[in-house]
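Next comes structure23.txt, with compact mmCIF, C-alpha atoms.
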```txt
# COMPACT_ATOMS: atom_id res chain seq x y z
CA MET A 444 -12.16 -39.53 -12.05
CA LYS A 445 -8.83 -39.86 -10.26
CA LYS A 446 -8.71 -39.65 -6.49
CA VAL A 447 -6.71 -37.82 -3.81
CA LEU A 448 -4.36 -39.79 -1.59
CA VAL A 449 -4.54 -38.56 2.01
CA VAL A 450 -1.42 -39.28 4.09
CA GLU A 451 -1.72 -39.62 7.88
CA THR A 452 0.66 -40.44 10.73
CA ASN A 453 0.99 -43.58 12.84
CA ILE A 454 2.91 -41.86 15.65
CA GLN A 455 1.09 -41.93 19.00
CA LYS A 456 3.37 -39.88 21.26
CA TYR A 457 6.22 -37.39 21.24
CA ALA A 458 9.52 -39.27 21.22
CA GLY A 459 10.93 -39.80 24.69
CA THR A 460 7.69 -38.81 26.42
CA ASN A 461 4.29 -40.19 27.32
CA GLU A 462 2.55 -37.17 25.82
CA ALA A 463 0.05 -38.14 23.16
CA THR A 464 0.12 -36.81 19.62
CA GLY A 465 -1.10 -38.09 16.26
CA LEU A 466 -3.24 -36.81 13.40
CA TRP A 467 -4.74 -33.36 13.83
CA LEU A 468 -8.33 -34.42 13.10
CA GLY A 469 -9.45 -31.25 11.33
CA GLU A 470 -6.58 -31.47 8.87
CA SER A 471 -8.14 -34.59 7.43
CA ALA A 472 -11.80 -33.85 8.11
CA GLU A 473 -12.00 -30.29 6.76
CA PHE A 474 -10.12 -31.28 3.62
CA LEU A 475 -12.45 -34.23 3.09
CA ASP A 476 -15.47 -32.00 3.60
CA GLU A 477 -14.27 -29.72 0.79
CA VAL A 478 -13.34 -32.40 -1.76
CA TYR A 479 -16.38 -34.58 -1.07
CA GLN A 480 -18.61 -31.63 -1.94
CA GLN A 481 -17.03 -31.68 -5.40
CA GLY A 482 -17.52 -35.42 -5.85
CA ILE A 483 -13.84 -36.28 -5.42
CA ASP A 484 -13.03 -39.55 -3.69
CA VAL A 485 -10.00 -40.27 -1.51
CA ASP A 486 -7.90 -43.12 -0.20
CA PHE A 487 -5.95 -43.06 3.05
CA VAL A 488 -2.36 -44.15 3.52
CA SER A 489 0.06 -44.07 6.44
CA PRO A 490 3.72 -45.05 6.72
CA LEU A 491 2.89 -48.35 8.45
CA GLY A 492 -0.70 -48.77 7.33
CA GLY A 493 -3.45 -49.57 9.80
CA PHE A 494 -4.27 -47.51 12.88
CA VAL A 495 -3.99 -43.71 12.93
CA PRO A 496 -4.06 -42.07 16.38
CA LEU A 497 -5.64 -38.66 16.95
CA ASP A 498 -3.90 -35.77 18.63
CA PRO A 499 -6.12 -35.18 21.67
CA ARG A 500 -5.60 -31.43 21.48
CA SER A 501 -7.25 -31.39 18.05
CA MET A 502 -10.52 -32.58 19.55
CA LYS A 503 -11.01 -29.17 21.14
CA TYR A 504 -11.47 -27.64 17.70
CA ILE A 505 -14.30 -29.83 16.43
CA ASP A 506 -17.21 -28.11 14.71
CA GLN A 507 -20.23 -29.73 13.08
CA ALA A 508 -18.53 -30.26 9.73
CA ILE A 509 -15.56 -32.00 11.36
CA MET A 510 -17.88 -34.09 13.53
CA ASN A 511 -19.85 -35.20 10.47
CA ILE A 512 -16.69 -36.61 8.90
CA TYR A 513 -15.48 -38.06 12.20
CA LEU A 514 -18.71 -40.06 12.51
CA GLU A 515 -18.66 -41.25 8.90
CA GLU A 516 -18.26 -45.02 8.58
CA ASN A 517 -15.78 -44.83 5.70
CA PHE A 518 -13.53 -42.39 7.56
CA ILE A 519 -13.58 -44.49 10.72
CA LYS A 520 -12.84 -47.70 8.86
CA ASN A 521 -10.43 -46.55 6.16
CA GLY A 522 -9.09 -43.26 7.52
CA LEU A 523 -8.45 -44.23 11.14
CA ILE A 524 -8.39 -48.02 11.55
CA HIS A 525 -7.36 -49.63 8.26
CA THR A 526 -5.28 -47.10 6.33
CA LYS A 527 -3.36 -48.56 3.41
CA LYS A 528 0.36 -49.22 3.38
CA PRO A 529 2.45 -47.32 0.78
CA GLU A 530 3.19 -50.54 -1.12
CA GLU A 531 -0.54 -51.06 -1.64
CA ILE A 532 -0.86 -47.77 -3.53
CA ASN A 533 -0.73 -47.32 -7.31
CA PRO A 534 0.21 -43.66 -7.91
CA ASN A 535 -1.52 -43.71 -11.29
CA ASP A 536 -4.86 -43.75 -9.47
CA TYR A 537 -4.35 -40.28 -8.00
CA HIS A 538 -4.44 -36.68 -9.14
CA ALA A 539 -3.00 -35.40 -5.85
CA ILE A 540 -1.35 -36.48 -2.63
CA TYR A 541 -2.18 -34.55 0.54
CA PHE A 542 0.06 -34.66 3.61
CA THR A 543 -1.93 -33.97 6.77
CA GLY A 544 -0.35 -32.76 9.99
CA GLY A 545 -0.28 -33.19 13.71
CA HIS A 546 3.11 -33.31 15.43
CA GLY A 547 3.40 -37.07 14.89
CA VAL A 548 4.25 -36.59 11.22
CA MET A 549 7.59 -35.06 12.15
CA TRP A 550 8.81 -38.54 13.08
CA ASP A 551 7.35 -40.76 10.37
CA PHE A 552 6.99 -38.55 7.27
CA PRO A 553 10.41 -37.01 6.49
CA ASP A 554 12.42 -40.17 5.84
CA ASN A 555 9.78 -42.46 4.39
CA LYS A 556 11.13 -43.35 0.96
CA GLU A 557 7.94 -45.10 -0.13
CA LEU A 558 5.82 -42.01 0.46
CA GLN A 559 8.41 -39.86 -1.28
CA GLU A 560 8.31 -42.12 -4.34
CA LEU A 561 4.52 -42.03 -4.41
CA ALA A 562 4.48 -38.25 -4.17
CA LEU A 563 7.09 -37.86 -6.90
CA ALA A 564 5.29 -40.28 -9.20
CA ILE A 565 2.00 -38.43 -8.79
CA TYR A 566 3.75 -35.10 -9.34
CA GLU A 567 5.57 -36.33 -12.45
CA ASN A 568 2.23 -37.48 -13.85
CA ASN A 569 1.02 -33.85 -13.79
CA GLY A 570 -0.49 -34.33 -10.34
CA TYR A 571 -0.35 -32.15 -7.26
CA ILE A 572 1.46 -32.34 -3.94
CA LEU A 573 -0.46 -30.73 -1.06
CA SER A 574 0.30 -30.27 2.62
CA VAL A 575 -0.91 -28.34 5.62
CA CYS A 576 0.76 -27.35 8.89
CA HIS A 577 3.28 -30.01 10.03
CA GLY A 578 2.42 -32.02 6.94
CA ILE A 579 5.13 -30.06 5.17
CA ALA A 580 7.49 -32.56 6.82
CA GLY A 581 6.43 -35.01 4.12
CA LEU A 582 7.74 -32.67 1.41
CA LEU A 583 11.11 -31.85 2.92
CA ASN A 584 13.12 -34.77 1.55
CA ILE A 585 11.37 -35.46 -1.75
CA LYS A 586 13.99 -35.27 -4.48
CA ASP A 587 13.52 -35.09 -8.24
CA ARG A 588 15.19 -37.53 -10.63
CA GLU A 589 18.28 -35.31 -10.71
CA GLY A 590 18.67 -35.57 -6.95
CA SER A 591 17.60 -32.02 -6.10
CA PHE A 592 15.08 -31.24 -3.39
CA LEU A 593 11.70 -30.75 -5.00
CA ILE A 594 10.91 -27.76 -2.79
CA SER A 595 14.17 -25.98 -3.66
CA GLY A 596 13.28 -22.56 -5.06
CA LYS A 597 9.55 -23.13 -4.46
CA LYS A 598 7.30 -20.85 -2.47
CA ILE A 599 5.88 -22.94 0.34
CA THR A 600 4.54 -22.58 3.85
CA GLY A 601 3.97 -24.66 6.96
CA PHE A 602 3.89 -24.47 10.73
CA THR A 603 6.26 -21.67 11.74
CA LYS A 604 8.76 -21.45 14.57
CA THR A 605 6.59 -18.78 16.18
CA GLU A 606 3.60 -21.11 16.11
CA GLU A 607 5.74 -23.92 17.53
CA PHE A 608 6.72 -21.62 20.39
CA LEU A 609 3.10 -20.68 21.03
CA ALA A 610 2.12 -24.36 20.97
CA GLY A 611 4.69 -25.02 23.69
CA LYS A 612 6.49 -27.70 21.68
CA MET A 613 9.84 -26.06 20.96
CA ASN A 614 11.69 -28.61 23.12
CA LYS A 615 9.73 -31.65 21.96
CA VAL A 616 9.97 -31.56 18.18
CA PRO A 617 12.97 -33.15 16.43
CA PHE A 618 13.42 -30.13 14.13
CA PHE A 619 11.64 -27.01 12.96
CA ASN A 620 9.82 -27.36 9.65
CA GLN A 621 10.46 -23.73 8.76
CA THR A 622 14.21 -24.08 9.32
CA ALA A 623 14.39 -27.39 7.46
CA ALA A 624 12.54 -25.93 4.47
CA GLU A 625 14.86 -22.92 4.35
CA GLU A 626 17.90 -25.21 4.55
CA ARG A 627 16.61 -26.85 1.37
CA ASN A 628 16.45 -23.44 -0.33
CA ALA A 629 12.67 -23.24 -0.30
CA GLN A 630 11.14 -19.77 -0.25
CA PHE A 631 9.29 -20.13 3.05
CA LYS A 632 6.38 -17.70 3.31
CA LYS A 633 4.26 -16.99 6.36
CA ARG A 634 1.51 -14.76 7.66
CA ARG A 635 0.34 -13.92 11.15
CA PHE A 636 0.40 -16.92 13.49
CA TYR A 637 -2.69 -19.10 13.61
CA LYS A 638 -4.36 -17.28 10.71
CA ALA A 639 -5.43 -19.05 7.53
CA PHE A 640 -2.80 -18.88 4.81
CA ALA A 641 -2.16 -21.11 1.81
CA LEU A 642 -0.22 -20.65 -1.38
CA LYS A 643 0.41 -22.41 -4.68
CA ASP A 644 3.66 -22.66 -6.58
CA GLY A 645 3.09 -24.66 -9.72
CA ARG A 646 1.62 -27.98 -8.66
CA ILE A 647 2.67 -27.67 -5.00
CA ILE A 648 0.06 -26.26 -2.61
CA THR A 649 0.82 -25.73 1.07
CA GLY A 650 -0.95 -24.30 4.11
CA GLN A 651 0.60 -22.71 7.19
CA ASN A 652 -1.37 -24.10 10.14
CA PRO A 653 -4.50 -26.04 11.16
CA PHE A 654 -6.67 -23.08 10.24
CA SER A 655 -5.46 -23.23 6.61
CA VAL A 656 -6.94 -26.58 5.59
CA ARG A 657 -9.90 -25.25 3.63
CA ALA A 658 -7.69 -22.66 1.95
CA VAL A 659 -5.43 -25.47 0.69
CA ALA A 660 -8.42 -27.48 -0.49
CA LYS A 661 -9.92 -24.50 -2.31
CA LEU A 662 -6.68 -23.74 -4.16
CA TYR A 663 -6.53 -27.37 -5.23
CA LEU A 664 -10.18 -27.44 -6.30
CA GLU A 665 -9.61 -24.36 -8.46
CA GLU A 666 -6.96 -26.39 -10.28
CA VAL A 667 -9.28 -29.37 -10.57
CA LYS A 668 -11.96 -27.29 -12.24
CA SER A 669 -9.54 -26.16 -14.93
CA CYS A 670 -8.05 -29.62 -15.48
CA LYS A 671 -9.19 -31.42 -18.61
CA GLN A 672 -9.27 -34.85 -16.98
CA PHE A 673 -12.07 -33.77 -14.63
```

Output the file's structure in the form of structure tokens.
Amino acid sequence: MKKVLVVETNIQKYAGTNEATGLWLGESAEFLDEVYQQGIDVDFVSPLGGFVPLDPRSMKYIDQAIMNIYLEENFIKNGLIHTKKPEEINPNDYHAIYFTGGHGVMWDFPDNKELQELALAIYENNGYILSVCHGIAGLLNIKDREGSFLISGKKITGFTKTEEFLAGKMNKVPFFNQTAAEERNAQFKKRRFYKAFALKDGRIITGQNPFSVRAVAKLYLEEVKSCKQF
């Protein structure tokens, strides 16, 4: 059975500040909880490999399921301390790539060519590209072999400008994911702020905010169940 490649950030603070950011823990942990229940294994990758910091604000939203993953030896070792580098990844090993969020990804996901190539290779091999919340930043600059943005014309979602305002980060982020997606001619869809919402357009599945992780995972797992290679 092929695996899912989980992408996490290495960024520890908002640029130009001493305010901590990083991976939004639940955006990895809740996804892992869902796919592990179906016997699907994962690998972890980050732009630089190695250590993945946690956004301290995400720790306020821990429930028992998230805590169970957080305490798991494999997640600690491979998902937080020793993530793989992009060059260590063979895209043929994966049925999907999943871009997690946390504000840190806005600095190290959008322009990472290696991650873009991995995502495109998985997608071209009939695989899936998934993201949740700020993780959409990893999709923004993926281009197909003709040089067009992969999300152009696609129905996608991610953290909205309204949610950014409510999070108090309007003046700290380098861009707005919603605006960037619309500039690339994506059909950006959204629901009420901080409510679970995920959608699928072909083999691209995206979720709006941190409360949409399980919805993304469930849409993906529905595809897995109908896929002949599983």

Please provide the set of residues having any atom within 12 Å of Glu666 of chain A, restricted to all atoms listed in the file, with same-chain residues fewer than 6 positions apart removed, written as a short mmCIF file (atom, residue, chain, number, x, y, z; two decimals) with C-alpha atoms, keeping the file's coordinate frame.
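This is the output file selection09.cif:
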```cif
data_model
loop_
_atom_site.label_atom_id
_atom_site.label_comp_id
_atom_site.auth_asym_id
_atom_site.auth_seq_id
_atom_site.Cartn_x
_atom_site.Cartn_y
_atom_site.Cartn_z
CA HIS A 538 -4.44 -36.68 -9.14
CA ALA A 539 -3.00 -35.40 -5.85
CA ASN A 569 1.02 -33.85 -13.79
CA GLY A 570 -0.49 -34.33 -10.34
CA TYR A 571 -0.35 -32.15 -7.26
CA LYS A 643 0.41 -22.41 -4.68
CA ASP A 644 3.66 -22.66 -6.58
CA GLY A 645 3.09 -24.66 -9.72
CA ARG A 646 1.62 -27.98 -8.66
CA ILE A 647 2.67 -27.67 -5.00
CA ILE A 648 0.06 -26.26 -2.61
CA VAL A 659 -5.43 -25.47 0.69
CA ALA A 660 -8.42 -27.48 -0.49
CA GLN A 672 -9.27 -34.85 -16.98
CA PHE A 673 -12.07 -33.77 -14.63
#
```

| Looking at A:Asn517, A:Ser471, A:Asn614, A:Thr452, which one is nearest to Ala580 of chain A, with distances taken over all atoms listed in the file? |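 So, comparing all the options, the nearest one is A:Thr452.
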
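Distances to Ala641 of chain A were evaluated for A:Leu466, A:Ala458, A:Leu491, A:Leu662 using only C-alpha atoms, and the minimum falls at A:Leu662.
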
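When only C-alpha atoms are used to measure the gap to Glu626 of chain A, the shortest distance among A:Gln559, A:Asn533, A:Asn584, A:Ser574 belongs to A:Asn584.
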
Find the residues near Thr649 of chain A: any atom within 6 Å, counting only C-alpha atoms, skip ones fewer than 3 places away on the same chain, and give them as a tab-separated table (two decimals) with C-alpha atoms, in the coordinates of the input.
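That gives us around18.tsv:
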```
chain	number	residue	atom	x	y	z
A	573	LEU	CA	-0.46	-30.73	-1.06
A	574	SER	CA	0.30	-30.27	2.62
A	575	VAL	CA	-0.91	-28.34	5.62
A	599	ILE	CA	5.88	-22.94	0.34
A	600	THR	CA	4.54	-22.58	3.85
A	641	ALA	CA	-2.16	-21.11	1.81
A	642	LEU	CA	-0.22	-20.65	-1.38
```

| Between A:Leu582, A:Val667, A:Ala639, A:Leu468, which is the closest to Gln621 of chain A once you count all atoms listed in the file? | A:Leu582

| query | Closest to Ile509 of chain A among A:Glu567, A:Glu625, A:Asp587, A:Glu473, using only C-alpha atoms? | reply |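 The shortest atom-to-atom distance to Ile509 of chain A comes from A:Glu473.
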
| task | Just the residues within 10 Å of Arg588 of chain A, please, counting only C-alpha atoms, with nothing from its chain fewer than 4 positions along; format it as a list in words. | result |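 Final neighbour list, sorted by chain and number: Leu563, Glu567, Phe592 and Leu593 of chain A.
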
| message | Could you list, as a list in words, every residue within 9 Å of Val495 of chain A, counting only C-alpha atoms and ignoring same-chain residues fewer than 3 positions away? | response |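 The neighbour list is Glu451, Thr452, Asn453, Ile454, Gln455, Gly465, Leu466, Ser489, Gly492, Gly522, Leu523, Ile524, His525 and Thr526 of chain A.
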
Which residues are close to Arg634 of chain A, i.e. within 12 Å by all atoms listed in the file, leaving aside same-chain residues fewer than 4 positions away? Reply as a compact mmCIF listing (two decimals) with C-alpha atoms, in the coordinates of the input.
```txt
# COMPACT_ATOMS: atom_id res chain seq x y z
CA ILE A 599 5.88 -22.94 0.34
CA THR A 600 4.54 -22.58 3.85
CA GLY A 601 3.97 -24.66 6.96
CA PHE A 602 3.89 -24.47 10.73
CA THR A 603 6.26 -21.67 11.74
CA THR A 605 6.59 -18.78 16.18
CA GLU A 606 3.60 -21.11 16.11
CA LYS A 638 -4.36 -17.28 10.71
CA ALA A 639 -5.43 -19.05 7.53
CA PHE A 640 -2.80 -18.88 4.81
CA ALA A 641 -2.16 -21.11 1.81
CA LEU A 642 -0.22 -20.65 -1.38
CA GLY A 650 -0.95 -24.30 4.11
CA GLN A 651 0.60 -22.71 7.19
CA ASN A 652 -1.37 -24.10 10.14
CA PHE A 654 -6.67 -23.08 10.24
CA SER A 655 -5.46 -23.23 6.61
```

| task | One decimal, Å: what's the distance from atom CA of Val478 of chain A over to atom CA of Leu664 of chain A, could you say? | result | 7.4 Å

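Closest approach to Lys597 of chain A among A:Asn628, A:Thr543, A:Asn521, A:Thr622: A:Asn628, based on all atoms listed in the file.
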
| query | Between atom CA of Asn461 of chain A and atom CA of Asp554 of chain A, what is the distance, to one decimal in Å? | reply |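 Calculated distance between atom CA of Asn461 of chain A and atom CA of Asp554 of chain A is 23.0 Å.
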
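Between atom CA of Gln507 of chain A and atom CA of Leu475 of chain A lies a distance of 13.4 Å.
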
For segment 620-643 of chain A, which lacks atoms in the input, supply N, CA, C and O atoms and format the output as a compact mmCIF listing (two decimals), in the coordinates of the input.
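The resulting file, result29.txt, is reproduced below:
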```txt
# COMPACT_ATOMS: atom_id res chain seq x y z
N ASN A 620 10.14 -27.25 11.07
CA ASN A 620 9.82 -27.36 9.65
C ASN A 620 10.26 -26.13 8.86
O ASN A 620 10.75 -26.24 7.74
N GLN A 621 10.06 -24.96 9.45
CA GLN A 621 10.46 -23.73 8.76
C GLN A 621 11.96 -23.73 8.48
O GLN A 621 12.39 -23.45 7.36
N THR A 622 12.76 -24.05 9.48
CA THR A 622 14.21 -24.08 9.32
C THR A 622 14.63 -25.13 8.30
O THR A 622 15.47 -24.87 7.42
N ALA A 623 14.04 -26.32 8.39
CA ALA A 623 14.39 -27.39 7.46
C ALA A 623 14.07 -27.02 6.02
O ALA A 623 14.83 -27.32 5.09
N ALA A 624 12.92 -26.36 5.82
CA ALA A 624 12.54 -25.93 4.47
C ALA A 624 13.53 -24.89 3.93
O ALA A 624 13.96 -24.96 2.77
N GLU A 625 13.91 -23.96 4.78
CA GLU A 625 14.86 -22.92 4.35
C GLU A 625 16.23 -23.51 4.06
O GLU A 625 16.93 -23.06 3.15
N GLU A 626 16.62 -24.54 4.81
CA GLU A 626 17.90 -25.21 4.55
C GLU A 626 17.90 -25.90 3.20
O GLU A 626 18.98 -26.14 2.62
N ARG A 627 16.73 -26.22 2.69
CA ARG A 627 16.61 -26.85 1.37
C ARG A 627 16.32 -25.82 0.29
O ARG A 627 15.87 -26.16 -0.81
N ASN A 628 16.57 -24.57 0.60
CA ASN A 628 16.45 -23.44 -0.33
C ASN A 628 15.02 -23.18 -0.80
O ASN A 628 14.81 -22.60 -1.87
N ALA A 629 14.05 -23.61 -0.01
CA ALA A 629 12.67 -23.24 -0.30
C ALA A 629 12.45 -21.78 0.08
O ALA A 629 13.12 -21.25 0.97
N GLN A 630 11.52 -21.14 -0.59
CA GLN A 630 11.14 -19.77 -0.25
C GLN A 630 9.97 -19.86 0.75
O GLN A 630 8.82 -19.90 0.35
N PHE A 631 10.31 -19.93 2.02
CA PHE A 631 9.29 -20.13 3.05
C PHE A 631 8.55 -18.83 3.30
O PHE A 631 9.15 -17.81 3.64
N LYS A 632 7.23 -18.88 3.12
CA LYS A 632 6.38 -17.70 3.31
C LYS A 632 5.49 -17.93 4.52
O LYS A 632 5.10 -19.06 4.83
N LYS A 633 5.13 -16.86 5.20
CA LYS A 633 4.26 -16.99 6.36
C LYS A 633 3.45 -15.72 6.56
O LYS A 633 3.82 -14.64 6.08
N ARG A 634 2.35 -15.88 7.26
CA ARG A 634 1.51 -14.76 7.66
C ARG A 634 1.39 -14.78 9.18
O ARG A 634 2.10 -15.52 9.86
N ARG A 635 0.51 -13.98 9.71
CA ARG A 635 0.34 -13.92 11.15
C ARG A 635 0.03 -15.31 11.71
O ARG A 635 -0.68 -16.10 11.09
N PHE A 636 0.58 -15.60 12.88
CA PHE A 636 0.40 -16.92 13.49
C PHE A 636 -1.06 -17.27 13.68
O PHE A 636 -1.89 -16.43 14.02
N TYR A 637 -1.36 -18.52 13.43
CA TYR A 637 -2.69 -19.10 13.61
C TYR A 637 -3.79 -18.41 12.78
O TYR A 637 -4.96 -18.44 13.16
N LYS A 638 -3.40 -17.81 11.67
CA LYS A 638 -4.36 -17.28 10.71
C LYS A 638 -4.27 -18.11 9.43
O LYS A 638 -3.21 -18.60 9.07
N ALA A 639 -5.40 -18.25 8.75
CA ALA A 639 -5.43 -19.05 7.53
C ALA A 639 -4.52 -18.46 6.46
O ALA A 639 -4.59 -17.27 6.17
N PHE A 640 -3.68 -19.31 5.90
CA PHE A 640 -2.80 -18.88 4.81
C PHE A 640 -2.37 -20.11 4.01
O PHE A 640 -1.87 -21.09 4.56
N ALA A 641 -2.60 -20.05 2.71
CA ALA A 641 -2.16 -21.11 1.81
C ALA A 641 -1.65 -20.49 0.53
O ALA A 641 -2.08 -19.38 0.15
N LEU A 642 -0.74 -21.17 -0.12
CA LEU A 642 -0.22 -20.65 -1.38
C LEU A 642 0.08 -21.79 -2.34
O LEU A 642 0.25 -22.94 -1.93
N LYS A 643 0.15 -21.44 -3.61
CA LYS A 643 0.41 -22.41 -4.68
C LYS A 643 1.63 -21.98 -5.46
O LYS A 643 1.77 -20.80 -5.81
```
